[in-house]
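Participant: Enclosed is the structure file my_file-v4.pdb (PDB, C-alpha atoms, pLDDT in the B column).
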ATOM      1  CA  MET K   1      38.213  94.665 184.871  1.00 81.00           C
ATOM      2  CA  PHE K   2      36.064  94.755 181.720  1.00 87.00           C
ATOM      3  CA  ASP K   3      32.609  96.247 181.557  1.00 95.00           C
ATOM      4  CA  HIS K   4      31.883  94.565 178.231  1.00 96.00           C
ATOM      5  CA  ILE K   5      33.639  93.047 175.232  1.00 96.00           C
ATOM      6  CA  GLY K   6      32.694  92.639 171.602  1.00 96.00           C
ATOM      7  CA  ILE K   7      33.835  90.140 169.020  1.00 96.00           C
ATOM      8  CA  GLY K   8      33.380  89.956 165.286  1.00 96.00           C
ATOM      9  CA  VAL K   9      31.403  87.057 163.843  1.00 97.00           C
ATOM     10  CA  SER K  10      30.952  86.039 160.220  1.00 96.00           C
ATOM     11  CA  ASP K  11      27.358  84.794 160.687  1.00 96.00           C
ATOM     12  CA  LEU K  12      25.511  86.808 163.318  1.00 97.00           C
ATOM     13  CA  ARG K  13      22.407  84.612 163.302  1.00 97.00           C
ATOM     14  CA  ALA K  14      24.365  81.357 163.752  1.00 97.00           C
ATOM     15  CA  SER K  15      26.596  82.910 166.415  1.00 97.00           C
ATOM     16  CA  LYS K  16      23.621  84.219 168.406  1.00 98.00           C
ATOM     17  CA  ARG K  17      22.094  80.745 168.385  1.00 98.00           C
ATOM     18  CA  PHE K  18      25.355  79.082 169.446  1.00 98.00           C
ATOM     19  CA  TYR K  19      26.227  81.495 172.260  1.00 98.00           C
ATOM     20  CA  LEU K  20      22.690  81.714 173.627  1.00 98.00           C
ATOM     21  CA  GLU K  21      22.452  77.916 173.827  1.00 98.00           C
ATOM     22  CA  ALA K  22      26.000  77.356 175.103  1.00 98.00           C
ATOM     23  CA  LEU K  23      25.909  80.096 177.746  1.00 98.00           C
ATOM     24  CA  ALA K  24      22.351  79.476 178.975  1.00 98.00           C
ATOM     25  CA  PRO K  25      23.658  77.474 181.993  1.00 98.00           C
ATOM     26  CA  LEU K  26      25.345  80.702 183.167  1.00 97.00           C
ATOM     27  CA  GLY K  27      22.100  82.669 182.990  1.00 97.00           C
ATOM     28  CA  VAL K  28      23.191  84.488 179.828  1.00 98.00           C
ATOM     29  CA  GLY K  29      20.468  85.707 177.506  1.00 98.00           C
ATOM     30  CA  MET K  30      19.769  88.264 174.813  1.00 98.00           C
ATOM     31  CA  VAL K  31      19.780  91.746 176.320  1.00 98.00           C
ATOM     32  CA  MET K  32      19.909  94.044 173.301  1.00 97.00           C
ATOM     33  CA  GLU K  33      19.896  93.785 169.530  1.00 97.00           C
ATOM     34  CA  VAL K  34      20.678  96.345 166.854  1.00 95.00           C
ATOM     35  CA  SER K  35      20.832  95.825 163.096  1.00 92.00           C
ATOM     36  CA  ASP K  36      24.327  94.302 162.963  1.00 96.00           C
ATOM     37  CA  ALA K  37      25.060  93.356 166.571  1.00 98.00           C
ATOM     38  CA  ALA K  38      23.659  91.489 169.552  1.00 98.00           C
ATOM     39  CA  GLY K  39      24.403  92.141 173.221  1.00 98.00           C
ATOM     40  CA  LEU K  40      24.274  89.103 175.498  1.00 98.00           C
ATOM     41  CA  GLY K  41      24.461  89.211 179.267  1.00 98.00           C
ATOM     42  CA  GLN K  42      22.907  88.471 182.616  1.00 96.00           C
ATOM     43  CA  GLY K  43      19.951  90.578 183.677  1.00 94.00           C
ATOM     44  CA  ARG K  44      19.637  93.836 181.749  1.00 95.00           C
ATOM     45  CA  LYS K  45      23.327  94.473 181.034  1.00 96.00           C
ATOM     46  CA  PRO K  46      24.886  93.449 177.707  1.00 97.00           C
ATOM     47  CA  SER K  47      28.411  92.300 178.555  1.00 97.00           C
ATOM     48  CA  PHE K  48      29.260  90.173 175.519  1.00 98.00           C
ATOM     49  CA  TRP K  49      28.647  91.693 172.103  1.00 98.00           C
ATOM     50  CA  LEU K  50      28.557  89.854 168.801  1.00 98.00           C
ATOM     51  CA  GLY K  51      29.093  92.093 165.798  1.00 97.00           C
ATOM     52  CA  ALA K  52      28.626  91.146 162.166  1.00 97.00           C
ATOM     53  CA  SER K  53      31.922  91.140 160.298  1.00 94.00           C
ATOM     54  CA  GLU K  54      32.416  90.787 156.563  1.00 91.00           C
ATOM     55  CA  ALA K  55      35.928  89.429 157.085  1.00 90.00           C
ATOM     56  CA  LYS K  56      36.582  86.169 158.931  1.00 88.00           C
ATOM     57  CA  PRO K  57      37.508  87.254 162.474  1.00 92.00           C
ATOM     58  CA  GLN K  58      40.772  86.215 164.085  1.00 93.00           C
ATOM     59  CA  PRO K  59      40.054  83.445 166.606  1.00 93.00           C
ATOM     60  CA  LEU K  60      40.037  84.591 170.223  1.00 95.00           C
ATOM     61  CA  HIS K  61      40.159  82.828 173.570  1.00 97.00           C
ATOM     62  CA  ILE K  62      37.285  83.957 175.787  1.00 96.00           C
ATOM     63  CA  ALA K  63      36.685  82.568 179.283  1.00 97.00           C
ATOM     64  CA  PHE K  64      33.366  82.932 181.107  1.00 97.00           C
ATOM     65  CA  ALA K  65      33.080  82.506 184.885  1.00 97.00           C
ATOM     66  CA  ALA K  66      30.816  79.823 186.319  1.00 97.00           C
ATOM     67  CA  ASP K  67      29.586  79.634 189.902  1.00 97.00           C
ATOM     68  CA  THR K  68      29.521  75.835 189.935  1.00 97.00           C
ATOM     69  CA  ARG K  69      31.209  72.900 188.274  1.00 98.00           C
ATOM     70  CA  ALA K  70      27.777  71.702 187.176  1.00 98.00           C
ATOM     71  CA  GLN K  71      27.458  74.882 185.087  1.00 98.00           C
ATOM     72  CA  VAL K  72      30.772  74.038 183.399  1.00 98.00           C
ATOM     73  CA  ASP K  73      29.503  70.543 182.618  1.00 98.00           C
ATOM     74  CA  GLU K  74      26.201  71.873 181.265  1.00 98.00           C
ATOM     75  CA  PHE K  75      27.964  74.519 179.142  1.00 98.00           C
ATOM     76  CA  TYR K  76      30.083  71.800 177.555  1.00 98.00           C
ATOM     77  CA  ARG K  77      27.060  69.597 176.736  1.00 98.00           C
ATOM     78  CA  LYS K  78      25.017  72.476 175.334  1.00 98.00           C
ATOM     79  CA  ALA K  79      27.900  73.977 173.367  1.00 98.00           C
ATOM     80  CA  LEU K  80      28.609  70.654 171.645  1.00 98.00           C
ATOM     81  CA  ALA K  81      24.900  70.171 170.940  1.00 98.00           C
ATOM     82  CA  ALA K  82      24.824  73.671 169.416  1.00 98.00           C
ATOM     83  CA  GLY K  83      27.589  72.751 166.971  1.00 98.00           C
ATOM     84  CA  GLY K  84      30.743  73.566 168.934  1.00 98.00           C
ATOM     85  CA  LYS K  85      33.825  71.380 168.636  1.00 98.00           C
ATOM     86  CA  ASP K  86      35.504  69.825 171.650  1.00 98.00           C
ATOM     87  CA  ASN K  87      38.698  71.565 172.738  1.00 98.00           C
ATOM     88  CA  GLY K  88      38.932  70.090 176.243  1.00 98.00           C
ATOM     89  CA  PRO K  89      36.206  68.339 178.257  1.00 98.00           C
ATOM     90  CA  PRO K  90      35.236  69.431 181.765  1.00 98.00           C
ATOM     91  CA  GLY K  91      37.916  68.740 184.318  1.00 98.00           C
ATOM     92  CA  ILE K  92      40.564  70.070 186.662  1.00 98.00           C
ATOM     93  CA  ARG K  93      43.417  72.034 185.100  1.00 98.00           C
ATOM     94  CA  ALA K  94      45.822  71.737 188.043  1.00 96.00           C
ATOM     95  CA  HIS K  95      48.597  73.507 186.152  1.00 97.00           C
ATOM     96  CA  TYR K  96      46.567  76.715 186.716  1.00 96.00           C
ATOM     97  CA  HIS K  97      45.537  75.930 190.308  1.00 97.00           C
ATOM     98  CA  ALA K  98      44.096  73.018 192.279  1.00 97.00           C
ATOM     99  CA  ASP K  99      40.442  74.087 191.865  1.00 97.00           C
ATOM    100  CA  TYR K 100      40.548  75.292 188.232  1.00 98.00           C
ATOM    101  CA  TYR K 101      37.649  73.337 186.710  1.00 98.00           C
ATOM    102  CA  ALA K 102      37.028  74.219 183.076  1.00 98.00           C
ATOM    103  CA  ALA K 103      35.789  73.082 179.688  1.00 98.00           C
ATOM    104  CA  PHE K 104      36.783  74.375 176.257  1.00 98.00           C
ATOM    105  CA  VAL K 105      34.830  74.414 172.999  1.00 98.00           C
ATOM    106  CA  ILE K 106      35.666  75.855 169.599  1.00 98.00           C
ATOM    107  CA  GLY K 107      32.693  77.919 168.518  1.00 97.00           C
ATOM    108  CA  PRO K 108      31.720  79.672 165.313  1.00 93.00           C
ATOM    109  CA  ASP K 109      34.616  81.453 163.622  1.00 95.00           C
ATOM    110  CA  GLY K 110      37.130  79.345 165.553  1.00 96.00           C
ATOM    111  CA  HIS K 111      36.864  81.200 168.861  1.00 96.00           C
ATOM    112  CA  ASN K 112      38.079  79.091 171.819  1.00 98.00           C
ATOM    113  CA  ILE K 113      35.283  79.435 174.368  1.00 98.00           C
ATOM    114  CA  GLU K 114      36.013  78.404 177.949  1.00 98.00           C
ATOM    115  CA  VAL K 115      33.790  78.242 180.997  1.00 98.00           C
ATOM    116  CA  VAL K 116      35.673  77.989 184.294  1.00 98.00           C
ATOM    117  CA  CYS K 117      34.792  77.530 187.958  1.00 98.00           C
ATOM    118  CA  HIS K 118      37.487  78.411 190.490  1.00 98.00           C
ATOM    119  CA  ARG K 119      35.688  76.966 193.510  1.00 96.00           C
ATOM    120  CA  PRO K 120      36.510  73.667 195.175  1.00 94.00           C
ATOM    121  CA  ALA K 121      34.211  70.697 194.611  1.00 90.00           C
ATOM    122  CA  GLY K 122      31.159  70.488 196.837  1.00 78.00           C
TER
END
Have the structure of the file written as structure tokens, please.

Facilitator:
Amino acid sequence: MFDHIGIGVSDLRASKRFYLEALAPLGVGMVMEVSDAAGLGQGRKPSFWLGASEAKPQPLHIAFAADTRAQVDEFYRKALAAGGKDNGPPGIRAHYHADYYAAFVIGPDGHNIEVVCHRPAG
């Protein structure tokens, strides 16, 4: 549905570091930078924008799609190593559906970052 989304961040440099490290298992990298914003994505398309904000942004819940459960696991490890706070380790969330495998981390500015794989194991 979305082509791209942007969120406000209070420390653009710290947020770039966190999201680039945490989302690396999904093939996400820096695509474009301007003076007060950074566009992250896969390939040449910026799909996730970080914009400098003077005010503390309202926390959001943002879920990124993973192709494999291993990517979810790796996201969780890297996000914690990059300074994120645990908000739910990798595992099945059967209340969504039988194959909903996700992990949740609180990132900079309190955003609840999720990576989810909808595919069955194996």

Participant: Can you work out which one of K:Arg93, K:His111, K:Arg69, K:Arg17 has the shortest atom-to-atom distance to Leu40 of chain K, counting all atoms listed in the file?

Facilitator: K:Arg17

Participant: Name the residues captured by the PyMOL selection byres ((chain K and resi 73) around 9) when it is applied to the shown file; answer as a ChimeraX atom specification.

Facilitator: /K:69-72,74-78,89-91,102-103,115

Participant: Just write the chosen residues, C-alpha atoms, as a PDB file, in the coordinates of the input.

Facilitator:
ATOM      1  CA  ARG K  69      31.209  72.900 188.274  1.00 98.00           C
ATOM      2  CA  ALA K  70      27.777  71.702 187.176  1.00 98.00           C
ATOM      3  CA  GLN K  71      27.458  74.882 185.087  1.00 98.00           C
ATOM      4  CA  VAL K  72      30.772  74.038 183.399  1.00 98.00           C
ATOM      5  CA  GLU K  74      26.201  71.873 181.265  1.00 98.00           C
ATOM      6  CA  PHE K  75      27.964  74.519 179.142  1.00 98.00           C
ATOM      7  CA  TYR K  76      30.083  71.800 177.555  1.00 98.00           C
ATOM      8  CA  ARG K  77      27.060  69.597 176.736  1.00 98.00           C
ATOM      9  CA  LYS K  78      25.017  72.476 175.334  1.00 98.00           C
ATOM     10  CA  PRO K  89      36.206  68.339 178.257  1.00 98.00           C
ATOM     11  CA  PRO K  90      35.236  69.431 181.765  1.00 98.00           C
ATOM     12  CA  GLY K  91      37.916  68.740 184.318  1.00 98.00           C
ATOM     13  CA  ALA K 102      37.028  74.219 183.076  1.00 98.00           C
ATOM     14  CA  ALA K 103      35.789  73.082 179.688  1.00 98.00           C
ATOM     15  CA  VAL K 115      33.790  78.242 180.997  1.00 98.00           C
TER      16      VAL K 115
END

Participant: Counting all atoms listed in the file, figure out which residue out of K:Asp99, K:Asp86, K:Asp36, K:Asp11 gets nearest to Lys56 of chain K.

Facilitator: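 For Lys56 of chain K, the nearest of the candidates is K:Asp11.
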
Participant: Need the axis-aligned box for segment 42-55 of chain K with 6 Å each side, so what are the centre and edges in Å to one decimal, as lines of an AutoDock Vina configuration file?

Facilitator:
center_x = 27.8
center_y = 91.5
center_z = 170.1
size_x = 28.3
size_y = 18.0
size_z = 39.1

Participant: Output the residue selection produced by the PyMOL selection byres ((chain K and resi 26) around 8) on the file above, formatted as a short mmCIF file (atom, residue, chain, number, x, y, z; two decimals) with C-alpha atoms, in the frame of the given file.

Facilitator:
data_model
loop_
_atom_site.label_atom_id
_atom_site.label_comp_id
_atom_site.auth_asym_id
_atom_site.auth_seq_id
_atom_site.Cartn_x
_atom_site.Cartn_y
_atom_site.Cartn_z
CA LEU K 23 25.91 80.10 177.75
CA ALA K 24 22.35 79.48 178.98
CA PRO K 25 23.66 77.47 181.99
CA GLY K 27 22.10 82.67 182.99
CA VAL K 28 23.19 84.49 179.83
CA ALA K 66 30.82 79.82 186.32
CA GLN K 71 27.46 74.88 185.09
CA PHE K 75 27.96 74.52 179.14
#

Participant: K:Gly83, K:Gly88, K:Pro120, K:Gly29: which is nearest Pro108 of chain K, counting all atoms listed in the file?

Facilitator: K:Gly83

Participant: Figure out the distance between atom CA of Ser47 of chain K and atom CA of Met32 of chain K, please, to one decimal in Å.

Facilitator: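 That distance, rounded to one decimal, is 10.1 Å.
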
Participant: Smallest atom-to-atom distance to Gly110 of chain K: which of K:Gly8, K:Gly51, K:Pro59, K:Gly122, using all atoms listed in the file?

Facilitator: K:Pro59

Participant: I'd like the residues picked by the PyMOL selection byres ((chain K and resi 109) around 12) written out as JSON, numbers by chain, using the chain letters and numbers from the file.

Facilitator: {"K": [7, 8, 9, 10, 11, 12, 14, 15, 18, 50, 52, 53, 54, 55, 56, 57, 58, 59, 60, 61, 83, 84, 85, 105, 106, 107, 108, 110, 111, 112, 113]}

Participant: Distance atom CA of Gly6 of chain K-atom CA of Gly41 of chain K, one decimal place?

Facilitator: 11.8 Å

Participant: What does the distance from atom CA of Asp3 of chain K to atom CA of Arg119 of chain K come to in Å, to one decimal?

Facilitator: 22.9 Å
